[in-house]
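Novice: This is the structure, below, for whatever I ask next.
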Amino acid sequence: MKILSDIAALLTGMWITWKHIFRRPVTIQYPEEKRTPYPRYRARIVLTRDPDGGERCVACQLCSASCPVDCITMQSAEGPDGRRYAEWFRINFARCIFCGLCAEACPTLAIQMTPDFEICTRDIMDLVYEKEDLLIDGCGKSPDYNFYRHAGIGVTQPRGSGAEEKPPVDVRGLLP
Amino acid sequence: MIYDPIDIALILVKIGLVFVVILTLAAYLVFAERKVLAWIQDRKGPNRAGPFGLLQPLADLIKLLTKEDFRPIGADKWLFYLAPAMAAIPAIMIFAVIPFGAPLTLFGHTVQMQVSDLNVGLLLFMALSSVAVYGVALGGWASNSKYALLGSIRGLAQLISYELSMGLSLVPVVMLARSFRLSDIVNAQSGCWFIVYQPLAFTIFLISIAAECKRIPFDLPEAEGELVAGYHTEYSGMRFGLFFVGEYINIIVLGGLAATFFLGGWHGPWLPPVIWFTLKVFSFAFLFIWMRGTMPRLRYDQLMHFGWKVLTPLALVNIVVTGWWLVLRG
Amino acid sequence: MPKLIIDNIAVEVADGVTVLEAAQSVDIPIPHFCWHPALGKAGACRVCAVRMMEGPVKGIQMSCMLPAQDGMVVSTTDPEAVTMRRNVIEWLMINHPHDCPVCDEGGECQLQDYTIAGGHGIRRYDGKKRTHINQDLGPYIQHEMNRCIQCYRCVRFYQEYAGGTDFGVMGSAGRVYFGRFREGQLESPFSGNLVDICPTGVFTDKTARFRARYWDYDMAPSVCPGCSLGCNTTPVARYRELLKSIARRNEAVNSWFICDRGRFANGEVNDPQRPRTPLIDGVESSRNEALKALLFRIAQTEERYGTGSIAIVGSSRLSLEAALLLPTLAELTSSGALCYFASEEESGRTLPLFQLLTAGRSASQRDVRESDCIVVYGCDPLQDAPMLALAIRQAWRNGATVYTVGDGISLPCDVTTVDRLDAVPLSDAKNPVLIRSAADIPDQLATTLHQHDHLKLAVLFPAANSYGASKLALKHLGVSFEQAISSGDIKGVISVEADIPQKLLEGIPFVAALDWRMTETVQAAQIFFPTTAWVEMKGTFINHEGRVQRFNKVMNPGVPIRGLDPAVHPPHIHRTAPPGGEPQPAWQILAAVIEGLGGELITEPFTGEWERLRGLDAECEGVIINDI
């Protein structure tokens, strides 16, 4: 009879919830108990350096373009050696949603995400991080990559001596 | 009628006692509900305010009292202010007729463990539970909000529908006890509880009171998934608190009535009557919380269908059968 | 009129139109690098390949090289054509460096777009890339030859279109090099167009180097205020700093290009010395206080020196909106003089020639480009209005004869020098154009115009809105300021973006100025209101031929972030308005003054005969005011 099976279904549900009352809660009591996030956890953003110690960030604006909440702003500038770098670089962590699109977009692997998620403060202005707060002394993930070694413009090495380059063309040469 | 001043004093003491106990119980029922629901969902529940979170109701009270008292533009001012009281006061008034213990003899006075042993106690309960409907209706209508209005319309229809089956399910009880007086009904069960004679009426009554206090699976008037918070969407602070606490007082009161009508009231072996009564009330409260942790919400047409086409006919049939049975038994 | 079918769409085009243009006319995009509407075809990049299914030619063809013919059935989506285009893009990318993040073209790069559109995402070739040594091409153009894809657009524009001789192509085969014989500044006054025309990042704007990306630009259609030609531009701003201007196409005016003078003219807008706060006697104050002080001093001057002692001075660089409000202001201040020109000399250079521009007489740049006989008479277009010289060159390239009256005029084309205007065979020409600026001998010009009905006149006025100022000056009987003060009655001046020399203001006790530049007048003024530059407001200019053109607001006024303290990064301060954001459009300040003087509040300066200009679209070709 349908009504009996309906009642049985109700009672089954009641029995399942009854059993769960005596289960151990899965809650982690956060400030007292802490869990170590995985290395690829997406929290506080840092700017890394290349293996030669230079800033990886070339301020190409791709992170700010990909940012869905517009929390990244920067100004690029040109160094004396022709290196493009960030004159200033600002991430407003009060706005950041830690989606990781900036790290994904970064062509020089400069912007990376760390597992440090505890960045609350009382004053919201303290959450506006400038370049000096973001820049770390290390390569982070992908420790071997230096964008300027592959970029084809003479910054870390003379023109035409990069990893995938032929020496510069002699325009006035007549040989084919 | 001339009253003994001591009787009047006793009545006042009882009123005060019932008031304090019921309100405290209602507050802790909220806490208990959050805890039990948390356990059902493998969580811990409130545990920050005081030891084991026991001061949580106090924290909630302070929060509600200090919140902004807000009234939407276009709301009907007086009805808006009146509605929460209309929801909470009738609920607690019902308790006046519920006997919560055996009569006690104190300094030569026989003290009824009941605020007022009215000879039409059951009818008073029916009347007051009908008045409580106005809290829902007026709250929703006065808010000048579509969600609140929808919630209150649903609430009206639901409460009126299920009051019918609730009333009908109590007719056999009266037939068995041959009295509307609640103390008589309790005394009639000193031998055998009415649940044994009337399992069907008990089931109908249980379902109906779940609908009466708008509990899952009958919480359509405040269905948060669809109507934000239903008829009390626009309320904040202690006005919302009154709606809220009224609902939990309702649980206690209706649990007490269910115990009185079907589980022999304060009757029970070994333990003192008040404890028995309290235990029965608590088990009903737990049942409601447990149901909330288990069941989904009904659809509106299912609700109406179930009330009018299943519960009401069943209750009518049950009255007829009980009548025959009583006649046949003599 | 050949009829052909492109991707199942029937198209009918004019004779000589290429298949590429025919496809564009029905919104079918075909990728192209070397083909450019202003430069024509070269067949160098091979990326516009389409498949001809039926018709006189069959198989894979370059759509830019192929004139549309009857019976052609073209497919741009045929797998063979798509594969061809994808492979071509991959070949072009073989030597292209991996430097988009540090390239200013990134984001507005045609090569980038077509590479992605063509589906070439992963590099398969792992051989080495050819490299070049760059040249220093002066302060405006940055050279990065590694990025070159040999489309020849730069050299075709520089040598053929603009007539430059110091830039060309060198080397052979895979070593083709575009540059100068030796390093040095590019000599052509149109060299900035290399930035616009290069489909990738070989030539980028050095003045805006590494300043912003395309998607962050604040930009809007605008008009160059540099001279009276009114070339269409798209100024680009970021962080309240005007970065650069890009040429905007307007076939009636400048076609695709602008001159370097208009392009690299950001300095005045970004100038740190630019006055940005209202001043009362040199003390910074609020807009309202300055307004109160101005009203008080107007009343004071009138009281002290009688009515007619105040002169209202506009200028020919003032936007039309503000210029239209000046007569109302003059009426309310019962002023003695309404001036649209500061000096008698400017008035003399403008008004007599303006009166010659009767309906249908004025020549646009398009008229110059399409003319068959051009007379340059008493002016030097390369100096006064370089884009007109470029237009003359296009006419010359199409076979026109260019005459110059008198010696000493150099043009980027061959010219025939004649002694007198009479010596030009104007009667033989079909649509001759005479180009003229100063009017020391207008009588002879008037006679010539009278004799030749079909002769059009292109007048080089001194400033962007000279035409509008002249029109209003004639209508409201305005005199030049120099003439107005000669009577000695003028004791107060309200200068609205006018350049009144200091010596003319001597002995005038009350001077108020509205301006966005730090001029002599501003320095002499007791009460000053900052106004917005043309990129900071919506406004209107009337160019030399009477073409009314709307320019839109590009950016909000304010001190550029680059100039703020601390210099390391922008300050951490909550603001509701930018610092230095007080400037308002001149007409709005005038409207407030008019309201303060008891006039009615003006919310729309275009009324009466001007009403039809209200909805003028900045993206349209503009309207000739004679037609209104």
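As shown in the structure tokens, the chain order sets the letters A, B, ...; within each chain, residues go from 1, and ligands are also counted from 1 in the order they appear.
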Within 8 Å of chain A, which residues of chain B show up when using only C-alpha atoms, listed as a list of chain:residue names?

Specialist: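 Close to chain A, chain B has B:Val36, B:Trp39, B:Ile40, B:Gln41, B:Asp42, B:Arg43, B:Lys44, B:Trp290, B:Met291, B:Gly293, B:Thr294, B:Met295.
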
Novice: Selected residues, C-alpha atoms, written as a tab-separated table (two decimals), in the first residue's frame, please.

Specialist:
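In the end it all went to part36.tsv:
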chain	number	residue	atom	x	y	z
B	36	VAL	CA	19.73	19.78	17.98
B	39	TRP	CA	23.85	17.91	15.81
B	40	ILE	CA	21.59	16.51	13.12
B	41	GLN	CA	23.76	18.33	10.58
B	42	ASP	CA	27.03	17.18	12.19
B	43	ARG	CA	27.81	20.63	13.48
B	44	LYS	CA	28.38	21.98	16.97
B	290	TRP	CA	13.52	16.53	14.86
B	291	MET	CA	10.90	16.85	12.17
B	293	GLY	CA	15.78	18.59	10.82
B	294	THR	CA	14.37	15.85	8.62
B	295	MET	CA	11.55	16.94	6.39

Novice: With a cut-off of 7 Å, could you pull out the residues of chain A touching chain C and give me the nearest pair of atoms for each, distance in Å to one decimal, using only C-alpha atoms, ordered by chain and ascending number, as a Markdown table?

Specialist:
| residue | atom | partner | partner_atom | distance |
| --- | --- | --- | --- | --- |
| A:Val58 | CA | C:Val102 | CA | 6.5 |
| A:Cys60 | CA | C:Pro101 | CA | 4.9 |
| A:Gln61 | CA | C:Arg213 | CA | 6.9 |
| A:Gln75 | CA | C:Arg211 | CA | 6.7 |
| A:Ser76 | CA | C:Phe210 | CA | 5.6 |
| A:Ala77 | CA | C:Phe210 | CA | 5.8 |
| A:Arg84 | CA | C:Val102 | CA | 6.3 |
| A:Trp88 | CA | C:His569 | CA | 5.3 |
| A:Pro107 | CA | C:Pro101 | CA | 7.0 |
| A:His150 | CA | C:His98 | CA | 6.7 |
| A:Ala151 | CA | C:Asp99 | CA | 4.8 |
| A:Gly152 | CA | C:Pro97 | CA | 5.3 |
| A:Gly160 | CA | C:Thr131 | CA | 5.5 |
| A:Glu164 | CA | C:Lys128 | CA | 4.7 |
| A:Glu165 | CA | C:Lys129 | CA | 4.6 |
| A:Lys166 | CA | C:Arg130 | CA | 5.2 |
| A:Pro167 | CA | C:Thr131 | CA | 6.4 |
| A:Pro168 | CA | C:Thr131 | CA | 4.6 |
| A:Val169 | CA | C:His132 | CA | 5.4 |
| A:Val171 | CA | C:Gly171 | CA | 5.1 |
| A:Arg172 | CA | C:Gly171 | CA | 6.5 |

Novice: At a cut-off of 9 Å, using only C-alpha atoms, what residues contact Cys96 (chain A)? Leave out same-chain residues fewer than 2 positions from it and give the result as a PyMOL selection string.

Specialist: chain A and resi 67-72+91-94+98-99

Novice: For the atom pair CA of Pro579 (chain C) and CA of Gly267 (chain C), what is the interatomic distance in Å to one decimal place?

Specialist: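 So the answer is 18.9 Å.
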
Novice: Quick one, how far is CA of Arg397 (chain C) from CA of Asn254 (chain C)?

Specialist: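 Value for the CA of Arg397 (chain C)-CA of Asn254 (chain C) distance: 16.5 Å.
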
Novice: For Pro509 (chain C), find every residue with an atom within 9 Å (counting only C-alpha atoms), except residues of its own chain fewer than 2 positions away, and show them as a ChimeraX atom specification.

Specialist: /C:301,491-493,505-507,511

Novice: Taking the DSSP assignment computed from this structure's backbone, write out as an NGL selection string all residues of region 113-260 of chain C that belong to strand (DSSP E).

Specialist: :C and (129-131 or 141-143 or 168-170 or 177-179 or 203-205 or 218-219 or 222-223 or 232-238 or 241-247)

Novice: Could you write those residues out with C-alpha atoms, as a CSV table (one decimal), in the first residue's frame?

Specialist:
chain,number,residue,atom,x,y,z
C,129,LYS,CA,64.1,34.1,-34.2
C,130,ARG,CA,65.7,36.7,-36.3
C,131,THR,CA,66.5,39.9,-34.4
C,141,ILE,CA,58.4,57.4,-32.0
C,142,GLN,CA,59.8,54.3,-30.4
C,143,HIS,CA,61.3,51.7,-32.7
C,168,GLY,CA,62.6,53.6,-46.0
C,169,VAL,CA,63.1,49.9,-46.4
C,170,MET,CA,66.5,48.3,-46.4
C,177,TYR,CA,64.5,46.5,-42.2
C,178,PHE,CA,62.3,49.5,-41.9
C,179,GLY,CA,64.1,52.6,-40.6
C,203,PHE,CA,56.3,51.9,-34.0
C,204,THR,CA,54.8,53.0,-30.7
C,205,ASP,CA,54.2,56.4,-29.1
C,218,ASP,CA,39.6,57.0,-21.1
C,219,MET,CA,38.7,58.0,-24.6
C,222,SER,CA,37.2,64.6,-30.1
C,223,VAL,CA,38.4,67.4,-32.3
C,232,ASN,CA,39.1,64.4,-35.8
C,233,THR,CA,41.0,62.7,-33.0
C,234,THR,CA,40.5,60.3,-30.2
C,235,PRO,CA,42.4,61.6,-27.2
C,236,VAL,CA,43.5,59.0,-24.7
C,237,ALA,CA,43.7,59.6,-21.0
C,238,ARG,CA,44.5,57.5,-17.9
C,241,GLU,CA,46.6,62.5,-17.5
C,242,LEU,CA,46.2,63.1,-21.2
C,243,LEU,CA,48.5,60.4,-22.7
C,244,LYS,CA,48.2,60.7,-26.4
C,245,SER,CA,45.9,61.3,-29.3
C,246,ILE,CA,44.9,58.9,-32.0
C,247,ALA,CA,43.7,59.9,-35.4

Novice: What gap, in Å, lies between CA of Leu109 (chain A) and CA of Tyr148 (chain A)?

Specialist: 11.8 Å

Novice: Excluding Ala473 (chain C) and residues on its chain fewer than 5 positions from it, collect all residues at most 12 Å away from it, counting only C-alpha atoms, and give them as a list in words.

Specialist: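 The contact residues come out as Ile312, Val313, Gly314, Ser315, Ser316, Ala323, Leu324, Leu326, Pro327, Ala337, Leu338, Cys339, Tyr340, Phe341, Ala342, Ser347, Thr350, Leu351, Pro352, Phe354, Gln355, Ser466, Tyr467, Gly468, Gly478, Val479, Ser480 and Phe481 of chain C.
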
Novice: Restricting it to N, CA and C atoms, dump the selection as a short mmCIF file (atom, residue, chain, number, x, y, z; two decimals), in the first residue's frame.

Specialist:
data_model
loop_
_atom_site.label_atom_id
_atom_site.label_comp_id
_atom_site.auth_asym_id
_atom_site.auth_seq_id
_atom_site.Cartn_x
_atom_site.Cartn_y
_atom_site.Cartn_z
N ILE C 312 33.34 92.52 -22.37
CA ILE C 312 33.31 91.06 -22.34
C ILE C 312 34.15 90.57 -23.51
N VAL C 313 35.16 89.78 -23.21
CA VAL C 313 36.09 89.37 -24.26
C VAL C 313 36.08 87.85 -24.40
N GLY C 314 35.69 87.37 -25.54
CA GLY C 314 35.81 85.95 -25.85
C GLY C 314 37.02 85.72 -26.72
N SER C 315 37.11 84.56 -27.33
CA SER C 315 38.26 84.33 -28.19
C SER C 315 37.89 83.32 -29.26
N SER C 316 38.79 83.13 -30.18
CA SER C 316 38.52 82.19 -31.26
C SER C 316 38.95 80.78 -30.88
N ALA C 323 30.85 80.84 -26.26
CA ALA C 323 30.80 82.02 -27.11
C ALA C 323 29.35 82.49 -27.30
N LEU C 324 28.42 81.54 -27.32
CA LEU C 324 27.01 81.89 -27.51
C LEU C 324 26.43 82.62 -26.31
N LEU C 326 28.08 84.80 -24.42
CA LEU C 326 28.70 86.11 -24.19
C LEU C 326 27.74 87.28 -24.45
N PRO C 327 26.94 87.27 -25.53
CA PRO C 327 26.02 88.41 -25.74
C PRO C 327 25.05 88.60 -24.57
N ALA C 337 31.47 96.90 -24.46
CA ALA C 337 32.03 96.24 -25.63
C ALA C 337 31.92 94.74 -25.49
N LEU C 338 31.51 94.10 -26.60
CA LEU C 338 31.51 92.65 -26.68
C LEU C 338 32.57 92.28 -27.73
N CYS C 339 33.64 91.63 -27.28
CA CYS C 339 34.76 91.37 -28.19
C CYS C 339 34.96 89.89 -28.36
N TYR C 340 35.22 89.46 -29.58
CA TYR C 340 35.59 88.07 -29.82
C TYR C 340 37.05 87.94 -30.23
N PHE C 341 37.70 89.09 -30.42
CA PHE C 341 39.11 89.06 -30.77
C PHE C 341 39.85 90.03 -29.87
N ALA C 342 41.04 89.62 -29.43
CA ALA C 342 41.78 90.48 -28.51
C ALA C 342 42.42 91.65 -29.26
N SER C 347 41.65 90.24 -35.53
CA SER C 347 40.37 90.55 -36.14
C SER C 347 40.54 90.76 -37.64
N THR C 350 40.95 87.61 -39.63
CA THR C 350 39.84 86.67 -39.63
C THR C 350 38.62 87.19 -40.36
N LEU C 351 38.12 88.36 -39.94
CA LEU C 351 36.80 88.79 -40.40
C LEU C 351 36.70 88.99 -41.91
N PRO C 352 37.65 89.69 -42.57
CA PRO C 352 37.47 89.93 -44.01
C PRO C 352 37.40 88.63 -44.79
N PHE C 354 36.45 85.73 -43.57
CA PHE C 354 35.21 85.04 -43.20
C PHE C 354 34.05 85.50 -44.08
N GLN C 355 34.08 86.80 -44.37
CA GLN C 355 32.96 87.34 -45.15
C GLN C 355 32.96 86.83 -46.60
N SER C 466 37.67 79.99 -34.87
CA SER C 466 37.67 81.33 -35.47
C SER C 466 36.39 81.57 -36.25
N TYR C 467 35.92 80.53 -36.95
CA TYR C 467 34.71 80.68 -37.76
C TYR C 467 33.53 81.07 -36.89
N GLY C 468 33.38 80.33 -35.75
CA GLY C 468 32.27 80.62 -34.84
C GLY C 468 32.39 82.00 -34.25
N GLY C 478 30.41 92.92 -32.72
CA GLY C 478 31.55 92.93 -31.81
C GLY C 478 32.73 93.66 -32.41
N VAL C 479 33.52 94.24 -31.56
CA VAL C 479 34.74 94.90 -32.01
C VAL C 479 35.91 94.18 -31.37
N SER C 480 37.12 94.43 -31.83
CA SER C 480 38.27 93.82 -31.17
C SER C 480 38.53 94.59 -29.87
N PHE C 481 39.13 93.86 -28.92
CA PHE C 481 39.35 94.48 -27.62
C PHE C 481 40.27 95.69 -27.73
#

Novice: Please provide the set of residues having any atom within 7 Å of Leu229 (chain C), restricted to only C-alpha atoms, with same-chain residues fewer than 2 positions apart removed, written as a PyMOL selection string.

Specialist: chain C and resi 227+231+385+543-544

Novice: I'd like the contact shell of Phe243 (chain B) - 7 Å cut-off, only C-alpha atoms, skipping same-chain residues fewer than 2 positions apart - returned as a PyMOL selection string.

Specialist: chain B and resi 84+87-88+239-241+245-247

Novice: Compare B:His267, B:Thr260, B:Ile11, B:Asn144 by their minimum atom-to-atom distance to Gly74 (chain B), counting only C-alpha atoms, and give me the closest one.

Specialist: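 Looking only at the distances to Gly74 (chain B), the closest residue turns out to be B:Asn144.
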